>>> print(open('run14.csv').read())   # CSV, C-alpha atoms
chain,number,residue,atom,x,y,z
A,1,MET,CA,57.0,12.9,6.5
A,2,LYS,CA,56.9,13.5,10.2
A,3,SER,CA,59.0,16.6,9.8
A,4,CYS,CA,56.6,17.7,7.0
A,5,LYS,CA,53.7,17.7,9.4
A,6,ASN,CA,55.5,20.5,11.3
A,7,PHE,CA,55.9,22.6,8.2
A,8,GLU,CA,52.3,22.2,7.0
A,9,GLN,CA,51.1,25.1,9.1
A,10,LEU,CA,54.0,27.3,7.8
A,11,ILE,CA,53.0,26.4,4.2
A,12,GLN,CA,49.4,27.3,4.9
A,13,ASN,CA,50.5,30.6,6.3
A,14,LEU,CA,52.8,31.2,3.3
A,15,ILE,CA,49.9,30.6,0.9
A,16,PHE,CA,48.1,33.5,2.5
A,17,ASP,CA,51.2,35.6,2.9
A,18,ASP,CA,50.9,35.4,6.7
A,19,ILE,CA,54.4,34.3,7.5
A,20,SER,CA,57.3,36.0,9.3
A,21,GLU,CA,60.8,36.3,8.0
A,22,VAL,CA,62.1,33.7,10.5
A,23,GLU,CA,59.4,31.2,9.5
A,24,ARG,CA,60.1,31.8,5.8
A,25,ASN,CA,63.8,31.0,6.4
A,26,LEU,CA,63.0,27.9,8.3
A,27,LEU,CA,60.6,26.8,5.5
A,28,ASN,CA,63.3,27.5,2.9
A,29,VAL,CA,65.7,25.2,4.7
A,30,HIS,CA,63.1,22.4,4.9
A,31,VAL,CA,62.1,22.8,1.2
A,32,GLN,CA,65.7,22.3,0.1
A,33,LYS,CA,65.6,18.8,1.6
A,34,CYS,CA,61.9,17.9,1.2
A,35,GLU,CA,60.8,17.2,-2.4
A,36,HIS,CA,57.1,16.8,-1.3
A,37,CYS,CA,56.9,20.2,0.3
A,38,SER,CA,58.9,21.9,-2.4
A,39,LYS,CA,56.5,20.6,-5.1
A,40,ILE,CA,53.5,21.9,-3.2
A,41,LEU,CA,55.1,25.3,-2.9
A,42,GLU,CA,56.0,25.2,-6.6
A,43,LEU,CA,52.4,24.4,-7.4
A,44,HIS,CA,51.3,27.3,-5.2
A,45,THR,CA,53.7,29.7,-6.9
A,46,ALA,CA,52.8,28.4,-10.4
A,47,LEU,CA,49.1,28.7,-9.8
A,48,ARG,CA,49.5,32.2,-8.4
A,49,LYS,CA,51.7,33.2,-11.3
A,50,SER,CA,49.6,31.7,-13.9
A,51,ASN,CA,46.4,33.3,-12.8
A,52,PHE,CA,47.6,36.8,-12.0
A,53,THR,CA,49.7,37.1,-15.1
A,54,THR,CA,48.0,35.1,-17.7
A,55,ALA,CA,44.5,34.3,-16.7
A,56,ASN,CA,43.0,36.4,-19.4
A,57,LYS,CA,45.3,34.9,-22.0
A,58,LEU,CA,44.3,31.3,-21.3
A,59,PRO,CA,42.7,30.0,-24.4
A,60,ASP,CA,40.2,27.9,-22.6
A,61,ASN,CA,38.8,29.7,-19.6
A,62,ASN,CA,35.2,28.5,-19.9
A,63,TYR,CA,36.0,26.1,-17.1
A,64,PHE,CA,36.9,28.9,-14.8
A,65,GLN,CA,34.0,31.0,-15.8
A,66,THR,CA,31.7,28.1,-14.9
A,67,ILE,CA,33.3,27.7,-11.6
A,68,ARG,CA,33.1,31.4,-11.0
A,69,GLN,CA,29.4,31.4,-11.7
A,70,ASN,CA,28.9,28.4,-9.5
A,71,VAL,CA,30.8,30.1,-6.6
A,72,LEU,CA,28.9,33.3,-7.1
A,73,ARG,CA,25.6,31.5,-7.1
A,74,GLN,CA,26.6,29.7,-3.9
A,75,VAL,CA,27.7,33.0,-2.4
A,76,LYS,CA,24.3,34.5,-3.2
A,77,THR,CA,22.3,31.6,-1.8
A,78,LYS,CA,24.5,30.7,1.2
A,79,ARG,CA,25.5,34.2,2.2
A,80,ILE,CA,24.9,33.7,5.9
A,81,GLN,CA,24.6,30.2,7.2
A,82,THR,CA,22.1,30.7,10.0
A,83,PHE,CA,19.1,28.5,10.6
A,84,ASN,CA,16.0,29.9,9.2
A,85,LEU,CA,12.7,28.0,9.1
A,86,SER,CA,12.0,29.2,5.5
A,87,ASP,CA,15.3,27.5,4.4
A,88,LEU,CA,13.6,24.2,5.0
A,89,PHE,CA,11.2,25.1,2.1
A,90,ARG,CA,13.8,26.9,-0.1
A,91,ARG,CA,16.5,24.3,-0.5
A,92,LYS,CA,16.8,23.0,-4.0
A,93,LYS,CA,17.1,19.3,-3.4
A,94,THR,CA,13.8,17.7,-2.6
A,95,ILE,CA,15.5,15.4,-0.1
A,96,LEU,CA,16.6,18.4,1.9
A,97,ARG,CA,13.1,19.7,2.4
A,98,PRO,CA,12.0,17.9,5.6
A,99,ALA,CA,9.3,20.4,6.2
A,100,TYR,CA,7.8,19.7,2.8
A,101,SER,CA,8.0,16.0,3.4
A,102,ILE,CA,6.3,16.3,6.8
A,103,VAL,CA,3.6,18.5,5.4
A,104,VAL,CA,3.0,16.2,2.4
A,105,PHE,CA,3.0,13.1,4.6
A,106,PHE,CA,0.6,14.7,7.0
A,107,ILE,CA,-1.8,15.8,4.2
A,108,ILE,CA,-1.7,12.3,2.7
A,109,PHE,CA,-2.4,10.8,6.1
A,110,LEU,CA,-5.4,13.1,6.7
A,111,ILE,CA,-6.9,12.4,3.3
A,112,GLY,CA,-6.4,8.6,3.8
A,113,TYR,CA,-7.8,8.7,7.3
A,114,TYR,CA,-10.9,10.8,6.5
A,115,SER,CA,-11.7,9.2,3.2
A,116,HIS,CA,-11.6,5.8,4.9
A,117,HIS,CA,-14.1,7.0,7.5
A,118,TRP,CA,-16.3,8.7,4.9
A,119,PHE,CA,-16.3,5.6,2.7
A,120,LYS,CA,-17.0,3.3,5.7
A,121,LYS,CA,-19.9,5.6,6.8
A,122,ASP,CA,-21.4,5.7,3.3
A,123,VAL,CA,-21.1,2.0,2.9
A,124,ALA,CA,-22.7,1.4,6.3
A,125,SER,CA,-25.6,3.8,5.6
A,126,ASP,CA,-26.1,2.3,2.1
A,127,ARG,CA,-26.2,-1.1,3.6
A,128,ASP,CA,-28.7,-0.1,6.3
A,129,LEU,CA,-30.9,1.5,3.7
A,130,PHE,CA,-30.7,-1.6,1.6
A,131,ILE,CA,-31.6,-3.9,4.5
A,132,THR,CA,-34.5,-1.6,5.5
A,133,LYS,CA,-35.9,-1.9,1.9
A,134,ILE,CA,-35.6,-5.7,2.0
A,135,ARG,CA,-37.3,-5.8,5.4
A,136,GLN,CA,-40.1,-3.6,4.2
A,137,ALA,CA,-40.6,-6.0,1.2
A,138,ALA,CA,-40.4,-8.9,3.6
A,139,MET,CA,-43.2,-7.5,5.8
A,140,GLN,CA,-45.4,-7.2,2.7
A,141,ASN,CA,-44.8,-10.7,1.6
A,142,ARG,CA,-47.5,-12.7,3.5
A,143,SER,CA,-47.7,-15.8,1.3
A,144,LEU,CA,-45.4,-17.8,-1.0
A,145,ALA,CA,-47.2,-16.2,-4.0
A,146,ASP,CA,-46.1,-12.8,-2.6
A,147,VAL,CA,-42.6,-14.0,-2.1
A,148,ASP,CA,-42.5,-15.2,-5.8
A,149,LYS,CA,-43.3,-11.6,-6.9
A,150,SER,CA,-40.8,-10.0,-4.5
A,151,PRO,CA,-38.3,-7.8,-6.2
A,152,PHE,CA,-35.6,-9.1,-3.9
A,153,LEU,CA,-34.4,-12.5,-4.8
A,154,ILE,CA,-32.5,-14.0,-1.9
A,155,SER,CA,-29.9,-16.7,-2.6
A,156,GLN,CA,-26.8,-18.3,-1.2
A,157,VAL,CA,-28.2,-18.3,2.3
A,158,ARG,CA,-26.2,-19.3,5.4
A,159,MET,CA,-27.7,-19.1,8.9
A,160,GLU,CA,-26.7,-20.0,12.4
A,161,ARG,CA,-27.9,-19.2,15.9
A,162,THR,CA,-25.6,-17.0,17.9
A,163,ASP,CA,-24.9,-17.3,21.6
A,164,GLN,CA,-27.2,-14.4,22.3
A,165,GLY,CA,-30.1,-16.3,20.6
A,166,GLU,CA,-30.1,-14.2,17.5
A,167,ILE,CA,-30.1,-15.6,14.0
A,168,HIS,CA,-27.0,-14.7,12.1
A,169,LEU,CA,-27.9,-14.5,8.4
A,170,THR,CA,-25.6,-14.2,5.4
A,171,PHE,CA,-27.2,-14.1,2.0
A,172,ASN,CA,-27.0,-12.5,-1.4
A,173,VAL,CA,-29.5,-10.0,-2.7
A,174,THR,CA,-27.5,-8.8,-5.7
A,175,THR,CA,-24.8,-8.2,-3.2
A,176,ALA,CA,-23.7,-10.1,-0.1
A,177,VAL,CA,-25.5,-9.1,3.1
A,178,GLU,CA,-24.8,-9.9,6.7
A,179,TYR,CA,-27.6,-9.5,9.2
A,180,PHE,CA,-28.6,-10.3,12.7
A,181,GLY,CA,-32.2,-10.6,13.7
A,182,ASP,CA,-34.5,-12.5,16.1
A,183,LEU,CA,-37.2,-15.0,15.3
A,184,ASP,CA,-39.9,-12.4,15.0
A,185,ASP,CA,-38.0,-10.4,12.5
A,186,PRO,CA,-39.8,-10.3,9.1
A,187,LEU,CA,-36.5,-10.3,7.3
A,188,VAL,CA,-35.5,-13.6,9.0
A,189,LYS,CA,-38.8,-15.1,8.0
A,190,GLU,CA,-38.3,-13.8,4.4
A,191,VAL,CA,-34.8,-15.2,4.2
A,192,VAL,CA,-35.9,-18.6,5.5
A,193,THR,CA,-38.8,-18.7,3.1
A,194,GLN,CA,-36.6,-17.8,0.1
A,195,ALA,CA,-33.9,-20.2,1.3
A,196,LEU,CA,-36.5,-23.0,1.0
A,197,VAL,CA,-37.7,-22.0,-2.5
A,198,ASN,CA,-34.9,-20.2,-4.2
A,199,TYR,CA,-31.5,-21.4,-5.4
A,200,THR,CA,-29.3,-22.2,-2.5
A,201,ASN,CA,-27.3,-25.2,-1.3
A,202,ASP,CA,-29.1,-28.1,0.4
A,203,GLY,CA,-27.2,-27.5,3.7
A,204,SER,CA,-28.6,-24.0,4.0
A,205,ARG,CA,-32.0,-25.4,3.0
A,206,LEU,CA,-31.8,-28.0,5.8
A,207,ASP,CA,-30.8,-25.1,8.2
A,208,ALA,CA,-33.8,-23.2,7.0
A,209,ILE,CA,-36.1,-26.2,7.6
A,210,ALA,CA,-34.7,-26.6,11.1
A,211,LEU,CA,-35.2,-22.9,11.9
A,212,SER,CA,-38.7,-22.8,10.4
A,213,THR,CA,-40.0,-25.1,13.3
A,214,GLN,CA,-39.8,-22.0,15.5
A,215,LEU,CA,-41.2,-19.6,12.9
A,216,MET,CA,-45.0,-19.7,12.9
A,217,ASP,CA,-45.6,-18.0,9.6
A,218,THR,CA,-47.9,-18.7,6.6
A,219,LYS,CA,-45.3,-18.1,4.0
A,220,VAL,CA,-42.7,-20.3,5.8
A,221,LYS,CA,-45.3,-23.0,6.0
A,222,GLU,CA,-46.1,-22.7,2.3
A,223,ALA,CA,-42.4,-22.7,1.5
A,224,LEU,CA,-42.0,-25.9,3.5
A,225,ILE,CA,-44.9,-27.5,1.6
A,226,PHE,CA,-43.2,-26.4,-1.6
A,227,SER,CA,-39.9,-28.0,-0.5
A,228,MET,CA,-41.7,-31.2,0.6
A,229,LEU,CA,-43.3,-31.6,-2.8
A,230,HIS,CA,-40.7,-30.2,-5.2
A,231,ASN,CA,-37.2,-30.4,-3.8
A,232,GLU,CA,-34.9,-32.7,-5.6
A,233,ASN,CA,-33.1,-33.8,-2.5
A,234,PRO,CA,-35.1,-36.5,-0.6
A,235,ALA,CA,-33.4,-35.5,2.7
A,236,VAL,CA,-34.8,-32.0,2.2
A,237,ARG,CA,-38.3,-33.3,1.3
A,238,MET,CA,-38.3,-35.6,4.3
A,239,ASN,CA,-37.1,-32.9,6.8
A,240,ALA,CA,-39.8,-30.5,5.4
A,241,MET,CA,-42.4,-33.1,6.0
A,242,ASP,CA,-41.2,-33.8,9.5
A,243,VAL,CA,-41.5,-30.1,10.4
A,244,LEU,CA,-44.9,-29.8,8.8
A,245,GLY,CA,-46.0,-32.9,10.8
A,246,GLN,CA,-45.1,-31.1,14.0
A,247,MET,CA,-47.5,-28.2,13.0
A,248,GLN,CA,-51.2,-28.2,13.3
A,249,LEU,CA,-52.4,-30.2,10.2
A,250,ASP,CA,-54.7,-27.7,8.5
A,251,ASP,CA,-56.3,-28.4,5.1
A,252,GLN,CA,-53.4,-27.0,3.2
A,253,ILE,CA,-50.9,-29.3,4.9
A,254,GLN,CA,-53.2,-32.3,4.7
A,255,GLN,CA,-53.7,-31.9,1.0
A,256,ALA,CA,-49.9,-31.6,0.5
A,257,ILE,CA,-49.4,-34.8,2.5
A,258,ILE,CA,-52.0,-36.7,0.5
A,259,LYS,CA,-50.1,-35.5,-2.6
A,260,VAL,CA,-46.9,-37.0,-1.1
A,261,LEU,CA,-48.7,-40.2,-0.5
A,262,ASN,CA,-49.9,-40.4,-4.0
A,263,SER,CA,-46.9,-39.2,-5.9
A,264,GLU,CA,-43.8,-39.5,-3.8
A,265,GLN,CA,-41.2,-41.9,-5.0
A,266,THR,CA,-39.5,-42.5,-1.6
A,267,VAL,CA,-41.1,-45.4,0.4
A,268,GLN,CA,-40.1,-43.8,3.7
A,269,MET,CA,-41.9,-40.6,2.8
A,270,ARG,CA,-45.0,-42.5,1.8
A,271,LEU,CA,-44.9,-44.4,5.1
A,272,ALA,CA,-44.4,-41.2,7.0
A,273,ALA,CA,-47.3,-39.6,5.1
A,274,ILE,CA,-49.7,-42.5,6.2
A,275,GLU,CA,-48.5,-42.1,9.7
A,276,LEU,CA,-49.2,-38.3,9.7
A,277,LEU,CA,-52.6,-38.7,8.1
A,278,THR,CA,-53.8,-41.3,10.5
A,279,GLN,CA,-52.8,-39.5,13.7
A,280,GLU,CA,-55.4,-39.2,16.4
A,281,ASN,CA,-57.3,-35.9,16.5
A,282,THR,CA,-57.0,-35.7,12.7
A,283,TYR,CA,-60.0,-35.9,10.6
A,284,ILE,CA,-59.6,-36.2,6.8
A,285,GLN,CA,-62.4,-36.7,4.4
A,286,ASN,CA,-62.2,-39.8,2.2
A,287,LEU,CA,-59.1,-41.1,4.2
A,288,ASN,CA,-60.5,-44.6,4.1
A,289,GLN,CA,-60.8,-44.5,0.4
A,290,ILE,CA,-57.3,-43.1,0.0
A,291,LEU,CA,-55.9,-45.9,2.2
A,292,GLN,CA,-57.9,-48.5,0.3
A,293,GLU,CA,-56.4,-47.2,-3.0
A,294,LYS,CA,-52.9,-47.5,-1.5
A,295,ILE,CA,-53.6,-51.1,-0.3
A,296,GLU,CA,-54.6,-52.0,-3.8
A,297,ARG,CA,-52.3,-50.0,-6.0
A,298,ASP,CA,-49.1,-49.1,-4.1
A,299,PRO,CA,-46.1,-50.9,-5.7
A,300,ASN,CA,-44.4,-51.3,-2.3
A,301,SER,CA,-45.6,-54.1,0.1
A,302,SER,CA,-44.5,-52.1,3.2
A,303,VAL,CA,-46.7,-49.2,2.2
A,304,LYS,CA,-49.5,-51.6,1.5
A,305,LEU,CA,-49.1,-53.2,4.9
A,306,LYS,CA,-48.9,-49.9,6.7
A,307,ALA,CA,-52.0,-48.6,4.8
A,308,ALA,CA,-53.9,-51.8,5.8
A,309,ARG,CA,-52.9,-51.5,9.5
A,310,SER,CA,-53.8,-47.8,9.5
A,311,LEU,CA,-57.1,-48.5,7.9
A,312,GLN,CA,-57.9,-51.1,10.6
A,313,LYS,CA,-56.9,-48.6,13.3
A,314,ILE,CA,-59.2,-45.9,11.9
A,315,GLU,CA,-62.1,-48.3,11.6
A,316,ARG,CA,-61.6,-49.3,15.3
A,317,ARG,CA,-61.9,-45.7,16.4
B,318,MET,CA,62.0,20.8,-10.4
B,319,LEU,CA,61.8,23.0,-13.4
B,320,GLU,CA,60.1,20.2,-15.3
B,321,PHE,CA,57.4,20.0,-12.6
B,322,LEU,CA,57.0,23.7,-12.6
B,323,SER,CA,56.5,23.7,-16.3
B,324,VAL,CA,53.5,21.4,-15.9
B,325,VAL,CA,51.4,24.1,-14.4
B,326,VAL,CA,52.8,27.4,-15.6
B,327,GLY,CA,50.7,28.8,-18.4
B,328,VAL,CA,52.9,31.8,-19.1
B,329,LYS,CA,53.4,32.5,-22.8
B,330,ASP,CA,57.0,33.4,-23.3
B,331,PRO,CA,57.7,35.2,-26.6
B,332,GLN,CA,61.0,33.4,-26.7
B,333,LYS,CA,59.5,30.0,-26.7
B,334,ASN,CA,59.1,28.1,-29.9
B,335,SER,CA,56.0,26.5,-31.2
B,336,GLU,CA,56.9,23.1,-29.8
B,337,GLU,CA,57.3,24.5,-26.4
B,338,LEU,CA,54.0,26.3,-26.7
B,339,LEU,CA,52.3,23.0,-27.6
B,340,VAL,CA,53.7,21.5,-24.4
B,341,GLU,CA,52.4,24.4,-22.4
B,342,GLY,CA,48.9,23.9,-23.9
B,343,GLU,CA,49.1,20.3,-22.9
B,344,ASN,CA,50.1,21.2,-19.4
B,345,ARG,CA,47.2,23.6,-19.0
B,346,LYS,CA,44.9,20.8,-20.1
B,347,ARG,CA,46.4,18.6,-17.4
B,348,LEU,CA,45.9,21.3,-14.8
B,349,HIS,CA,42.3,21.7,-15.8
B,350,PHE,CA,41.8,17.9,-15.7
B,351,ALA,CA,43.4,17.8,-12.2
B,352,LEU,CA,41.2,20.7,-11.0
B,353,ALA,CA,38.1,19.0,-12.4
B,354,LYS,CA,39.0,15.9,-10.3
B,355,LEU,CA,39.1,17.8,-7.1
B,356,ASN,CA,36.2,17.8,-4.6
B,357,PRO,CA,34.0,20.9,-5.4
B,358,LYS,CA,34.8,22.4,-2.0
B,359,TYR,CA,38.5,22.2,-2.6
B,360,ARG,CA,38.1,23.3,-6.2
B,361,ASN,CA,36.2,26.4,-5.2
B,362,THR,CA,38.8,27.3,-2.6
B,363,VAL,CA,41.5,27.1,-5.2
B,364,PHE,CA,39.5,29.1,-7.5
B,365,LEU,CA,38.8,31.9,-5.0
B,366,ARG,CA,42.4,32.1,-3.9
B,367,TYR,CA,44.2,31.9,-7.2
B,368,TYR,CA,41.8,33.0,-9.8
B,369,GLU,CA,39.8,35.6,-7.8
B,370,GLY,CA,42.7,36.5,-5.6
B,371,LYS,CA,40.5,36.6,-2.5
B,372,SER,CA,42.0,37.0,1.0
B,373,LEU,CA,41.7,34.4,3.7
B,374,LYS,CA,38.9,36.4,5.5
B,375,GLU,CA,37.0,36.8,2.2
B,376,ILE,CA,37.1,33.1,1.4
B,377,ALA,CA,36.1,32.2,4.9
B,378,ALA,CA,33.1,34.6,4.6
B,379,ILE,CA,32.1,33.3,1.2
B,380,MET,CA,32.4,29.6,2.1
B,381,SER,CA,30.8,30.1,5.5
B,382,CYS,CA,33.7,28.5,7.4
B,383,SER,CA,36.5,29.5,9.7
B,384,GLU,CA,39.9,30.8,8.4
B,385,GLY,CA,41.6,27.8,9.8
B,386,VAL,CA,39.4,25.5,7.7
B,387,VAL,CA,40.1,27.6,4.6
B,388,LYS,CA,43.9,27.3,5.2
B,389,ASN,CA,43.7,23.6,5.8
B,390,ARG,CA,41.4,23.1,2.8
B,391,LEU,CA,43.7,25.0,0.4
B,392,PHE,CA,46.7,23.1,1.6
B,393,ARG,CA,44.9,19.8,1.1
B,394,SER,CA,43.8,21.0,-2.4
B,395,LEU,CA,47.4,21.6,-3.4
B,396,ARG,CA,48.5,18.3,-2.0
B,397,LYS,CA,45.7,16.5,-3.9
B,398,LEU,CA,46.5,18.5,-7.1
B,399,LYS,CA,50.1,17.5,-6.8
B,400,SER,CA,49.2,13.8,-6.5
B,401,ILE,CA,46.8,14.0,-9.5
B,402,LEU,CA,49.5,15.7,-11.6
B,403,ASP,CA,52.1,13.1,-10.5
B,404,GLU,CA,49.7,10.4,-11.7
B,405,LEU,CA,49.2,12.2,-15.0
B,406,LYS,CA,52.9,12.4,-15.8
>>> encode(input="run14.csv", output="structure tokens")
Amino acid sequence: MKSCKNFEQLIQNLIFDDISEVERNLLNVHVQKCEHCSKILELHTALRKSNFTTANKLPDNNYFQTIRQNVLRQVKTKRIQTFNLSDLFRRKKTILRPAYSIVVFFIIFLIGYYSHHWFKKDVASDRDLFITKIRQAAMQNRSLADVDKSPFLISQVRMERTDQGEIHLTFNVTTAVEYFGDLDDPLVKEVVTQALVNYTNDGSRLDAIALSTQLMDTKVKEALIFSMLHNENPAVRMNAMDVLGQMQLDDQIQQAIIKVLNSEQTVQMRLAAIELLTQENTYIQNLNQILQEKIERDPNSSVKLKAARSLQKIERR
Amino acid sequence: MLEFLSVVVGVKDPQKNSEELLVEGENRKRLHFALAKLNPKYRNTVFLRYYEGKSLKEIAAIMSCSEGVVKNRLFRSLRKLKSILDELK
């Protein structure tokens, strides 16, 4: 085989009739000994002979016709193999169209990038508009009765103070809303009010009660009274009463506390009500009569005792 | 040697009988099969040289490669064809 390597070049030359007489003789001598090379040469001779003499007589030359068409097509398309930018777009296989891929990828990227921004912008502006509407409604709601008629029903409220002193609100008004506002913000007051009267969890209601101590607002006060009287959770009722007790006891609050004293089931609340009503600087009409009724009719002895002591205190004033 | 040659020669000899002609037909099929198994680059080179009778320069121009590559490719094609035909025997 090693000697065959030396004759490969001569065979290649022979195939294209580019061989001298001396080389041909040398090759003939080798071919006599080497079966491998002789068979290749035979194949060459046979192929050449078969084609030039009998190609047209071959019964089945569709195969060659197909190859011919393929080659001619390649000759047409690949006539000169020089780099041309347009080739990047003309190649048949999609995988060989890097320019197309880059352009398509770039377009997709641009569409994605801008649509994301447009979408974000639209959502932000929609949200701002929505919050503005709720704020406007909140500014118009001056009492709990107004809040009841408000078109925006606020629920699922969560609130917390931020380090900057703002109130961070999260609530639902048909959709989830996140909002930052200070204590004077009407929307903050509205959300606190609705958190006290609408459906939300007790934790949020307690948060709202805690925050309402700093909000001097009629509707917040009315919402606190509502919670004190009607909330199912005694902790909420008790907290609401505590906050109301820290406020100036106006007629509205006084009447609410008297209602608590008369109808509240919790002993602690009744005791706290007596405490609030008998504070110094508080004048309530018929308080003596109310306390006397408690002494006579309240089922709990602690309440009776507290009422009696408070009555004595008032009489001493 | 003559036997191997007869594998690929498709010449119709008027002196041959029908049995020999059948064998020739079979041999042509084998050659077609062997050509079909070749790599397209090699097959095209064989086709251009033996069927179209193109010169070395012409094939190099058509296939957009150097003459040395064409020579080498054709030699390898023959070697591959030979091995395929050997397997088919």
>>> atom_distance(input="run14.csv", atom1="CA of Asn389 (chain B)", atom2="CA of Gln12 (chain A)")
6.9 Å
>>> residues_around(input="run14.csv", residues="Asn6 (chain A)", least_positions_apart="5", cutoff="12 Å", atoms="only C-alpha atoms", output="VMD selection string")
chain A and resid 1 11 to 12 23 26 to 27 30 37
>>> atom_distance(input="run14.csv", atom1="CA of Leu395 (chain B)", atom2="CA of Ile40 (chain A)")
6.1 Å
>>> atom_distance(input="run14.csv", atom1="CA of Asn172 (chain A)", atom2="CA of Asp207 (chain A)")
16.3 Å
>>> residues_around(input="run14.csv", residues="Lys189 (chain A)", least_positions_apart="4", cutoff="7 Å", atoms="only C-alpha atoms", output="VMD selection string")
chain A and resid 185 193 220
>>> write_last_selection(input="run14.csv", atoms="C-alpha atoms", output="PDB file, in the coordinates of the input")
ATOM      1  CA  ASP A 185     -38.000 -10.400  12.500  1.00  0.00           C
ATOM      2  CA  THR A 193     -38.800 -18.700   3.100  1.00  0.00           C
ATOM      3  CA  VAL A 220     -42.700 -20.300   5.800  1.00  0.00           C
TER       4      VAL A 220
END
>>> closest_residue(input="run14.csv", among="B:Leu405, B:Asn361, B:Ser372, B:Arg366", to="Arg73 (chain A)", atoms="all atoms listed in the file")
B:Asn361
>>> closest_residue(input="run14.csv", among="B:Leu348, B:Thr362, B:Pro357, B:Glu343", to="Cys382 (chain B)", atoms="only C-alpha atoms")
B:Thr362
>>> residues_around(input="run14.csv", residues="region 275-284 of chain A", least_positions_apart="6", cutoff="10 Å", atoms="all atoms listed in the file", output="count of residues only")
24
>>> residues_near_point(input="run14.csv", point="(41.5, 33.3, -5.4)", cutoff="12 Å", atoms="all atoms listed in the file", output="PyMOL selection string")
(chain A and resi 15-16+44+47-52+55+64+67-68+71) or (chain B and resi 359-377+379+387+391)
>>> decode(input="run14.csv", residues="region 344-356 of chain B", atoms="N, CA and C atoms", output="PDB file, in the first residue's frame")
ATOM      1  N   ASN B 344     -25.277  -5.821 -13.782  1.00  0.00           N
ATOM      2  CA  ASN B 344     -24.061  -5.063 -13.462  1.00  0.00           C
ATOM      3  C   ASN B 344     -24.302  -3.559 -13.500  1.00  0.00           C
ATOM      4  N   ARG B 345     -25.080  -3.146 -14.480  1.00  0.00           N
ATOM      5  CA  ARG B 345     -25.393  -1.702 -14.567  1.00  0.00           C
ATOM      6  C   ARG B 345     -26.137  -1.239 -13.316  1.00  0.00           C
ATOM      7  N   LYS B 346     -27.063  -2.116 -12.902  1.00  0.00           N
ATOM      8  CA  LYS B 346     -27.813  -1.768 -11.683  1.00  0.00           C
ATOM      9  C   LYS B 346     -26.869  -1.612 -10.498  1.00  0.00           C
ATOM     10  N   ARG B 347     -25.893  -2.526 -10.433  1.00  0.00           N
ATOM     11  CA  ARG B 347     -24.924  -2.455  -9.340  1.00  0.00           C
ATOM     12  C   ARG B 347     -24.151  -1.138  -9.392  1.00  0.00           C
ATOM     13  N   LEU B 348     -23.769  -0.768 -10.596  1.00  0.00           N
ATOM     14  CA  LEU B 348     -23.006   0.475 -10.750  1.00  0.00           C
ATOM     15  C   LEU B 348     -23.859   1.677 -10.316  1.00  0.00           C
ATOM     16  N   HIS B 349     -25.102   1.662 -10.746  1.00  0.00           N
ATOM     17  CA  HIS B 349     -26.001   2.746 -10.350  1.00  0.00           C
ATOM     18  C   HIS B 349     -26.133   2.804  -8.840  1.00  0.00           C
ATOM     19  N   PHE B 350     -26.264   1.608  -8.248  1.00  0.00           N
ATOM     20  CA  PHE B 350     -26.404   1.528  -6.796  1.00  0.00           C
ATOM     21  C   PHE B 350     -25.160   2.093  -6.109  1.00  0.00           C
ATOM     22  N   ALA B 351     -23.991   1.696  -6.651  1.00  0.00           N
ATOM     23  CA  ALA B 351     -22.729   2.161  -6.056  1.00  0.00           C
ATOM     24  C   ALA B 351     -22.605   3.674  -6.192  1.00  0.00           C
ATOM     25  N   LEU B 352     -22.975   4.178  -7.367  1.00  0.00           N
ATOM     26  CA  LEU B 352     -22.919   5.639  -7.566  1.00  0.00           C
ATOM     27  C   LEU B 352     -23.860   6.370  -6.601  1.00  0.00           C
ATOM     28  N   ALA B 353     -25.017   5.765  -6.404  1.00  0.00           N
ATOM     29  CA  ALA B 353     -25.997   6.395  -5.511  1.00  0.00           C
ATOM     30  C   ALA B 353     -25.474   6.470  -4.083  1.00  0.00           C
ATOM     31  N   LYS B 354     -24.596   5.516  -3.749  1.00  0.00           N
ATOM     32  CA  LYS B 354     -24.086   5.514  -2.372  1.00  0.00           C
ATOM     33  C   LYS B 354     -22.949   6.517  -2.168  1.00  0.00           C
ATOM     34  N   LEU B 355     -22.466   7.064  -3.263  1.00  0.00           N
ATOM     35  CA  LEU B 355     -21.348   8.008  -3.139  1.00  0.00           C
ATOM     36  C   LEU B 355     -21.819   9.340  -2.560  1.00  0.00           C
ATOM     37  N   ASN B 356     -20.879  10.012  -1.931  1.00  0.00           N
ATOM     38  CA  ASN B 356     -21.125  11.388  -1.462  1.00  0.00           C
ATOM     39  C   ASN B 356     -21.475  12.269  -2.677  1.00  0.00           C
TER      40      ASN B 356
END
